[in-house]
Each structure stands twice: as structure tokens, then as C-alpha cells.
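Colleague: As input, take run_17.txt (compact mmCIF, C-alpha atoms and all ligand atoms):
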```txt
# COMPACT_ATOMS: atom_id res chain seq x y z
CA MET I 1 42.42 5.96 51.22
CA PRO I 2 45.42 4.49 53.14
CA GLU I 3 44.88 7.02 55.95
CA LEU I 4 41.17 6.14 56.15
CA LEU I 5 41.91 2.41 56.35
CA ILE I 6 44.65 2.92 58.95
CA SER I 7 42.37 5.08 61.10
CA ALA I 8 39.59 2.49 60.80
CA ARG I 9 41.98 -0.17 62.06
CA ALA I 10 43.07 2.10 64.94
CA MET I 11 39.42 2.73 65.80
CA LYS I 12 38.67 -1.01 65.83
CA THR I 13 41.60 -1.71 68.17
CA ALA I 14 40.65 1.17 70.46
CA LEU I 15 37.04 0.03 70.59
CA GLU I 16 38.12 -3.47 71.62
CA LEU I 17 39.85 -1.87 74.63
CA LEU I 18 36.92 0.44 75.36
CA ARG I 19 34.16 -2.18 74.92
CA PRO I 20 34.25 -3.57 78.48
CA LEU I 21 34.11 -0.01 79.84
CA LEU I 22 31.30 1.07 77.53
CA VAL I 23 29.14 -1.95 78.21
CA ALA I 24 28.37 -1.86 81.92
CA LYS I 25 28.74 -5.27 83.55
CA GLY I 26 25.60 -7.15 84.53
CA VAL I 27 23.25 -4.64 82.93
CA LYS I 28 20.43 -6.27 80.97
CA PRO I 29 20.68 -5.32 77.28
CA VAL I 30 17.95 -2.88 76.22
CA GLY I 31 17.38 -4.75 72.95
CA ARG I 32 19.03 -7.09 70.48
CA VAL I 33 20.30 -5.84 67.12
CA VAL I 34 21.31 -7.96 64.14
CA ILE I 35 23.57 -5.85 61.95
CA GLY I 36 25.38 -6.44 58.68
CA THR I 37 26.53 -4.98 55.40
CA VAL I 38 24.27 -6.29 52.66
CA LYS I 39 25.06 -8.81 49.95
CA GLY I 40 27.76 -7.85 47.47
CA ASP I 41 29.12 -5.06 49.65
CA LEU I 42 32.40 -5.25 51.56
CA HIS I 43 32.40 -1.79 53.20
CA ASP I 44 32.28 -2.09 56.98
CA ILE I 45 33.76 1.01 58.57
CA GLY I 46 30.41 2.80 58.98
CA LYS I 47 28.63 -0.42 59.96
CA ASN I 48 31.24 -1.03 62.68
CA LEU I 49 30.78 2.52 64.00
CA VAL I 50 27.01 2.04 64.16
CA ALA I 51 27.45 -1.33 65.93
CA SER I 52 29.87 0.15 68.48
CA LEU I 53 27.65 3.10 69.34
CA LEU I 54 24.58 0.87 69.69
CA GLU I 55 26.57 -1.48 71.91
CA GLY I 56 27.74 1.48 74.00
CA ALA I 57 24.08 2.50 74.36
CA GLY I 58 23.25 -0.90 75.87
CA TYR I 59 22.10 -2.94 72.86
CA GLU I 60 23.22 -6.51 72.36
CA ILE I 61 24.87 -6.74 68.93
CA ILE I 62 24.93 -9.71 66.60
CA ASP I 63 27.28 -8.60 63.84
CA LEU I 64 27.00 -10.72 60.71
CA GLY I 65 29.87 -8.91 58.99
CA VAL I 66 29.88 -7.98 55.32
CA ASP I 67 28.36 -9.42 52.13
CA VAL I 68 25.39 -10.78 54.05
CA PRO I 69 22.68 -12.34 51.83
CA PRO I 70 18.97 -11.79 52.64
CA GLU I 71 18.54 -15.49 53.56
CA LYS I 72 21.22 -15.14 56.25
CA PHE I 73 19.42 -12.17 57.83
CA VAL I 74 16.18 -14.17 57.76
CA ALA I 75 17.78 -17.24 59.36
CA VAL I 76 19.34 -15.21 62.15
CA VAL I 77 16.15 -13.23 62.82
CA LYS I 78 14.28 -16.54 63.12
CA GLU I 79 16.84 -17.93 65.54
CA GLN I 80 17.79 -14.88 67.63
CA LYS I 81 14.53 -12.93 67.62
CA PRO I 82 16.13 -9.46 67.64
CA ARG I 83 14.20 -6.22 68.01
CA PHE I 84 16.19 -4.57 65.21
CA VAL I 85 17.77 -5.49 61.90
CA ALA I 86 20.32 -2.86 60.85
CA LEU I 87 21.43 -2.88 57.22
CA SER I 88 24.38 -0.98 55.80
CA ALA I 89 25.20 -0.39 52.11
CA LEU I 90 27.83 1.84 50.53
CA LEU I 91 27.28 1.04 46.86
CA THR I 92 24.37 2.12 44.71
CA THR I 93 24.50 -1.37 43.22
CA THR I 94 24.06 -3.09 46.60
CA MET I 95 21.35 -0.81 48.01
CA THR I 96 18.90 -3.06 46.19
CA SER I 97 19.86 -5.88 48.59
CA MET I 98 18.19 -3.84 51.34
CA ARG I 99 14.88 -4.08 49.54
CA LEU I 100 15.44 -7.80 48.90
CA THR I 101 16.21 -8.37 52.59
CA ILE I 102 12.98 -6.63 53.63
CA ASP I 103 11.06 -8.66 51.03
CA GLU I 104 12.56 -11.91 52.34
CA LEU I 105 11.63 -10.97 55.92
CA LYS I 106 8.07 -10.40 54.70
CA LYS I 107 7.99 -13.75 52.87
CA ALA I 108 9.21 -15.52 56.01
CA GLY I 109 6.43 -13.84 58.04
CA LEU I 110 8.99 -12.06 60.22
CA ARG I 111 8.61 -8.47 59.06
CA ASP I 112 6.26 -7.45 61.89
CA GLN I 113 8.57 -8.82 64.56
CA VAL I 114 11.51 -6.54 63.78
CA LYS I 115 12.24 -2.90 63.08
CA VAL I 116 14.50 -2.46 60.06
CA LEU I 117 17.04 0.38 60.19
CA ILE I 118 19.06 1.29 57.13
CA GLY I 119 22.02 3.54 56.38
CA GLY I 120 25.17 4.10 54.37
CA ALA I 121 26.43 6.90 52.14
CA PRO I 122 24.11 6.43 49.13
CA VAL I 123 21.01 5.69 51.24
CA THR I 124 18.37 8.38 51.83
CA GLN I 125 15.16 8.82 53.81
CA ARG I 126 13.31 8.71 50.51
CA TYR I 127 14.81 5.29 49.72
CA ALA I 128 13.96 4.07 53.24
CA ASP I 129 10.33 5.12 52.68
CA GLU I 130 10.28 3.54 49.24
CA ILE I 131 11.42 0.09 50.45
CA GLY I 132 9.40 0.20 53.67
CA ALA I 133 12.26 0.41 56.19
CA ASP I 134 11.31 1.64 59.66
CA GLY I 135 14.17 4.08 60.07
CA TYR I 136 17.09 5.77 58.35
CA SER I 137 19.98 7.82 59.63
CA ASP I 138 23.09 9.23 57.98
CA ASN I 139 25.24 8.75 61.08
CA ALA I 140 25.95 6.38 63.95
CA SER I 141 24.55 8.45 66.81
CA GLY I 142 21.41 8.91 64.73
CA ALA I 143 21.16 5.11 64.62
CA VAL I 144 21.09 5.05 68.43
CA GLY I 145 18.39 7.74 68.45
CA LEU I 146 16.32 5.73 65.99
CA ALA I 147 16.62 2.55 68.06
CA ARG I 148 15.54 4.41 71.19
CA LYS I 149 12.62 6.02 69.37
CA LEU I 150 11.42 2.77 67.85
CA GLY I 151 11.46 0.92 71.16
CA THR I 152 13.00 -1.99 73.00
CA ASN I 153 12.14 -5.67 73.28
C1 LIG V 1 36.85 2.99 52.46
C2 LIG V 1 36.22 2.70 51.12
C3 LIG V 1 36.46 1.46 50.53
C4 LIG V 1 37.27 0.35 51.22
C5 LIG V 1 36.33 -0.32 52.27
C6 LIG V 1 37.10 -0.80 53.49
C7 LIG V 1 36.18 -1.23 54.60
N1 LIG V 1 36.70 -2.12 55.41
O1 LIG V 1 35.05 -0.78 54.72
C8 LIG V 1 37.62 -0.57 50.02
C9 LIG V 1 38.98 -0.15 49.46
C10 LIG V 1 37.67 -2.07 50.32
C11 LIG V 1 36.54 -0.20 49.01
C12 LIG V 1 36.17 -1.00 47.97
C13 LIG V 1 35.29 -0.60 46.97
N2 LIG V 1 34.69 0.60 46.84
CO1 LIG V 1 34.70 1.95 48.25
N3 LIG V 1 34.82 3.48 49.32
C14 LIG V 1 35.40 3.68 50.47
C15 LIG V 1 35.17 5.16 50.87
C16 LIG V 1 36.45 5.94 50.50
C17 LIG V 1 34.86 5.45 52.32
C18 LIG V 1 33.68 4.66 52.92
C19 LIG V 1 33.73 4.81 54.43
O2 LIG V 1 34.22 3.91 55.12
N4 LIG V 1 33.31 5.97 54.94
C20 LIG V 1 33.40 6.29 56.38
C21 LIG V 1 32.19 5.72 57.13
C22 LIG V 1 32.30 6.11 58.62
O3 LIG V 1 31.03 6.32 56.62
P1 LIG V 1 29.75 5.49 56.12
O4 LIG V 1 30.17 4.13 55.70
O5 LIG V 1 28.97 6.32 55.19
O6 LIG V 1 28.92 5.25 57.45
C23 LIG V 1 28.28 6.28 58.18
C24 LIG V 1 26.85 6.57 57.69
O7 LIG V 1 26.63 6.28 56.33
C25 LIG V 1 25.97 5.78 58.63
N5 LIG V 1 25.68 4.36 58.37
C26 LIG V 1 26.40 3.42 57.73
N6 LIG V 1 25.81 2.24 57.80
C27 LIG V 1 24.66 2.39 58.50
C28 LIG V 1 23.67 1.48 58.86
C29 LIG V 1 22.56 1.94 59.60
C30 LIG V 1 21.53 0.97 60.01
C31 LIG V 1 22.46 3.31 59.95
C32 LIG V 1 21.26 3.81 60.67
C33 LIG V 1 23.47 4.23 59.58
C34 LIG V 1 24.56 3.76 58.88
O8 LIG V 1 26.68 5.87 59.85
C35 LIG V 1 28.09 5.75 59.58
C36 LIG V 1 28.85 6.50 60.65
O9 LIG V 1 28.55 7.89 60.61
C37 LIG V 1 33.94 5.56 49.96
C38 LIG V 1 33.82 7.03 49.59
C39 LIG V 1 32.90 7.80 50.50
N7 LIG V 1 33.15 9.06 50.59
O10 LIG V 1 31.96 7.26 51.10
C40 LIG V 1 34.17 4.64 48.76
C41 LIG V 1 32.99 4.23 47.91
C42 LIG V 1 31.81 3.86 48.77
N8 LIG V 1 33.49 3.02 47.24
C43 LIG V 1 33.12 2.93 46.00
C44 LIG V 1 33.43 1.86 45.13
C45 LIG V 1 32.99 2.00 43.68
C46 LIG V 1 34.16 0.73 45.58
C47 LIG V 1 34.57 -0.48 44.74
C48 LIG V 1 33.50 -1.01 43.79
C49 LIG V 1 35.85 -0.11 44.01
C50 LIG V 1 36.35 -1.16 43.03
N9 LIG V 1 36.22 -0.83 41.76
O11 LIG V 1 36.78 -2.21 43.44
C51 LIG V 1 34.92 -1.51 45.83
C52 LIG V 1 33.67 -2.33 46.23
C53 LIG V 1 34.01 -3.56 47.00
C54 LIG V 1 32.71 -4.17 47.48
N10 LIG V 1 32.22 -5.20 46.80
O12 LIG V 1 32.13 -3.69 48.43
C55 LIG V 1 32.23 4.10 45.60
C56 LIG V 1 30.76 3.75 45.49
C57 LIG V 1 30.10 4.42 44.30
C58 LIG V 1 28.68 4.08 44.16
N11 LIG V 1 27.94 5.05 43.72
O13 LIG V 1 28.21 3.03 44.44
C59 LIG V 1 32.60 5.17 46.69
C60 LIG V 1 31.46 6.16 47.00
C61 LIG V 1 33.85 5.93 46.17
C62 LIG V 1 33.57 6.74 44.91
N12 LIG V 1 33.34 8.03 45.04
O14 LIG V 1 33.56 6.22 43.85
N13 LIG V 1 36.00 1.03 49.31
```
What is this structure when it is put down as C-alpha cells?
Ligand code: B12

Modeller:
Amino acid sequence: MPELLISARAMKTALELLRPLLVAKGVKPVGRVVIGTVKGDLHDIGKNLVASLLEGAGYEIIDLGVDVPPEKFVAVVKEQKPRFVALSALLTTTMTSMRLTIDELKKAGLRDQVKVLIGGAPVTQRYADEIGADGYSDNASGAVGLARKLGTN
């Protein structure tokens, strides 16, 4: 565990240095992504990896951090009009917040405006299908592939 946390911190610092090189100056973003770890969940290493790879692939990232309630996702989708909402969960107990977030997007009449991507260790394609997410991947480069497949703004 200590080694994992130390390497995550090293990765974060390195990515801050690499960010300006990865994101080519003046290039129009290919799409906007709102990303966060769902309510009740504080794990962010995988979410940060996904955000960094998407950013490197030209997406504009709005990172809401961890423990993000469904209402927050809804409010930001309303305001920022992203193409994608990317949800991360690492606990079996917080996976249910993914379903709640999708339900809240539906209630707010926003579900058709965004593609919802989900991931995290306990999440599966079967769960994605069950809750009506648009895409699932078990890794960060897969998240980029999904975003490309599902289209830009
Ligand atoms: C690191 C860690 C922690 C750290 C988190 C630090 C941080 N800043 O993230 C700390 C110590 C804080 C922690 C706390 C807890 N943890 Co913890 N933790 C882990 C651990 C060891 C590694 C997770 C990780 O970072 N993996 C590395 C990253 C790169 O992988 P990843 O997150 O899966 O992400 C990849 C993919 O899943 C995917 N992906 C991820 N998100 C998304 C999103 C999208 C849209 C897409 C497409 C893809 C995608 O791409 C990523 C890159 O490849 C796991 C064990 C494990 N093997 O997973 C336990 C684990 C997740 N934790 C667990 C538990 C129980 C807890 C605690 C409840 C412990 C406690 N009793 O306090 C708390 C919960 C706190 C909370 N409310 O969230 C359990 C969960 C069990 C379960 N079935 O739910 C696990 C599985 C450990 C275990 N075997 O028991 N934890």
C-alpha cells in the first residue's frame, strides 16, 4: 500500500510536468469530459489515470474529484454541456452511485445529451449494461478508445 500511494504521487507530479507537452497548444479540444469518483468513494488513482490519458488524447477535462454526489454531476452537466460523463468506483458499496447518477441525469432530462462511461475495479460490462451506461473499460487507454468510438461534440 505505501508503495502504491508513493507511486501515485510520483505519477501525479510527473503528469503535471508532462501536461503542457501532452496537450498541444492552441488545438481545439475534441470533446469535453466531466469525470469524478462517485459518492462515498475516495479512490482516485485510476480516475486520475483515465483523466490524464483522455487529456493527452485531446479531450478537455473537468475533474470533479472524489465523493461526487449525483446532483453535482447533474449540475455540472447542465452548466458545462460535456459530451461525456466518466464515473469511477472502486467499492462494491459505491457502484450503486453510478446507477443513481444515471437516474438523476434521466430525471433532469439530460441523459440523451451525454455519453456515460464507467469503470473501476469492481465494475463490469454486465453492470454497465444493467444500469444503462454507454461504455465500460477496465483500463485508461480503453477509456480513450471508448470516447473516440462514441464520438465528439
Ligand atoms: C489504493 C487503495 C486505497 C487508497 C486510495 C488512495 C487513492 N488516492 O485513491 C486508500 C488507502 C485511501 C483506500 C481506502 C479504502 N479502501 Co481501498 N484500495 C486501494 C487499492 C489497494 C488499489 C486501488 C488502485 O488505486 N488501483 C490502481 C488503479 C490504477 O486501478 P483502478 O482504480 O482499478 O483504475 C483502473 C481501471 O479500473 C480503470 N478505471 C478506473 N476508473 C475508471 C473510470 C472510467 C470511466 C473508465 C472507463 C475506466 C476506469 O482504469 C484505471 C487505470 O487502468 C484497492 C485494491 C485493488 N487491487 O484494487 C483497494 C480496495 C479498492 N479498497 C478497498 C476498501 C474496502 C477500502 C476502504 C473501505 C478501507 C477501509 N476500511 O477504510 C477505504 C474506502 C475509503 C472510501 N470511502 O473510498 C477494497 C474494496 C472492496 C470492495 N469489494 O468494495 C479493495 C478492493 C481492497 C480489498 N481487496 O479489500 N484504498

Colleague: Step by step, measure atom-to-atom distances between ligand LIG 1 (chain V) and each residue using only C-alpha atoms and all ligand atoms, keep those at most 9 Å, then write them as a PyMOL selection string.

Modeller: chain I and resi 1-2+4-5+8-9+35-37+39-51+66-67+85-95+116-123+135-144+146-147

Colleague: Using all atoms listed in the file, which residue out of I:Asp129, I:Asp134, I:Glu79, I:Asp112 lies closest to I:Ile62?

Modeller: I:Glu79

Colleague: Point out the residue among I:Ala133, I:Ala128, I:Val30, I:Val76 with the least atom-to-atom distance to I:Gly58, counting all atoms listed in the file.

Modeller: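 Ranking I:Ala133, I:Ala128, I:Val30, I:Val76 by distance to I:Gly58, first place goes to I:Val30.
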
Colleague: List as a PyMOL selection string the protein and nucleic acid residues near I:Arg83, meaning an atom at most 9 Å away when all atoms listed in the file are counted, but skip any in the same chain fewer than 4 places from it.

Modeller: chain I and resi 31-34+77+113-116+151-153

Colleague: For the atom pair atom CA of I:Glu3 and atom CA of I:Leu18, what is the interatomic distance in Å to one decimal place?

Modeller: 22.0 Å

Colleague: At most 9 Å from (32.4, 5.2, 70.9), file frame, all atoms listed in the file: which residues, as a list in words?

Modeller: Leu15, Leu18, Arg19, Leu22, Leu49, Ser52, Leu53, Glu55 and Gly56 of chain I

Colleague: Save out the residues we just selected, C-alpha atoms, as a PDB file, in the coordinates of the input.

Modeller:
```
ATOM      1  CA  LEU I  15      37.040   0.030  70.590  1.00  0.00           C
ATOM      2  CA  LEU I  18      36.920   0.440  75.360  1.00  0.00           C
ATOM      3  CA  ARG I  19      34.160  -2.180  74.920  1.00  0.00           C
ATOM      4  CA  LEU I  22      31.300   1.070  77.530  1.00  0.00           C
ATOM      5  CA  LEU I  49      30.780   2.520  64.000  1.00  0.00           C
ATOM      6  CA  SER I  52      29.870   0.150  68.480  1.00  0.00           C
ATOM      7  CA  LEU I  53      27.650   3.100  69.340  1.00  0.00           C
ATOM      8  CA  GLU I  55      26.570  -1.480  71.910  1.00  0.00           C
ATOM      9  CA  GLY I  56      27.740   1.480  74.000  1.00  0.00           C
TER      10      GLY I  56
END
```

Colleague: Could you state the separation of atom CA of I:Gly132 and atom CA of I:Leu105 in Å, given to one decimal place?

Modeller: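 Result for atom CA of I:Gly132 versus atom CA of I:Leu105: 11.6 Å, one decimal.
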
Colleague: Report the distance between atom CA of I:Val68 and atom CA of I:Glu130 in Å, rounded to one decimal place.

Modeller: 21.4 Å
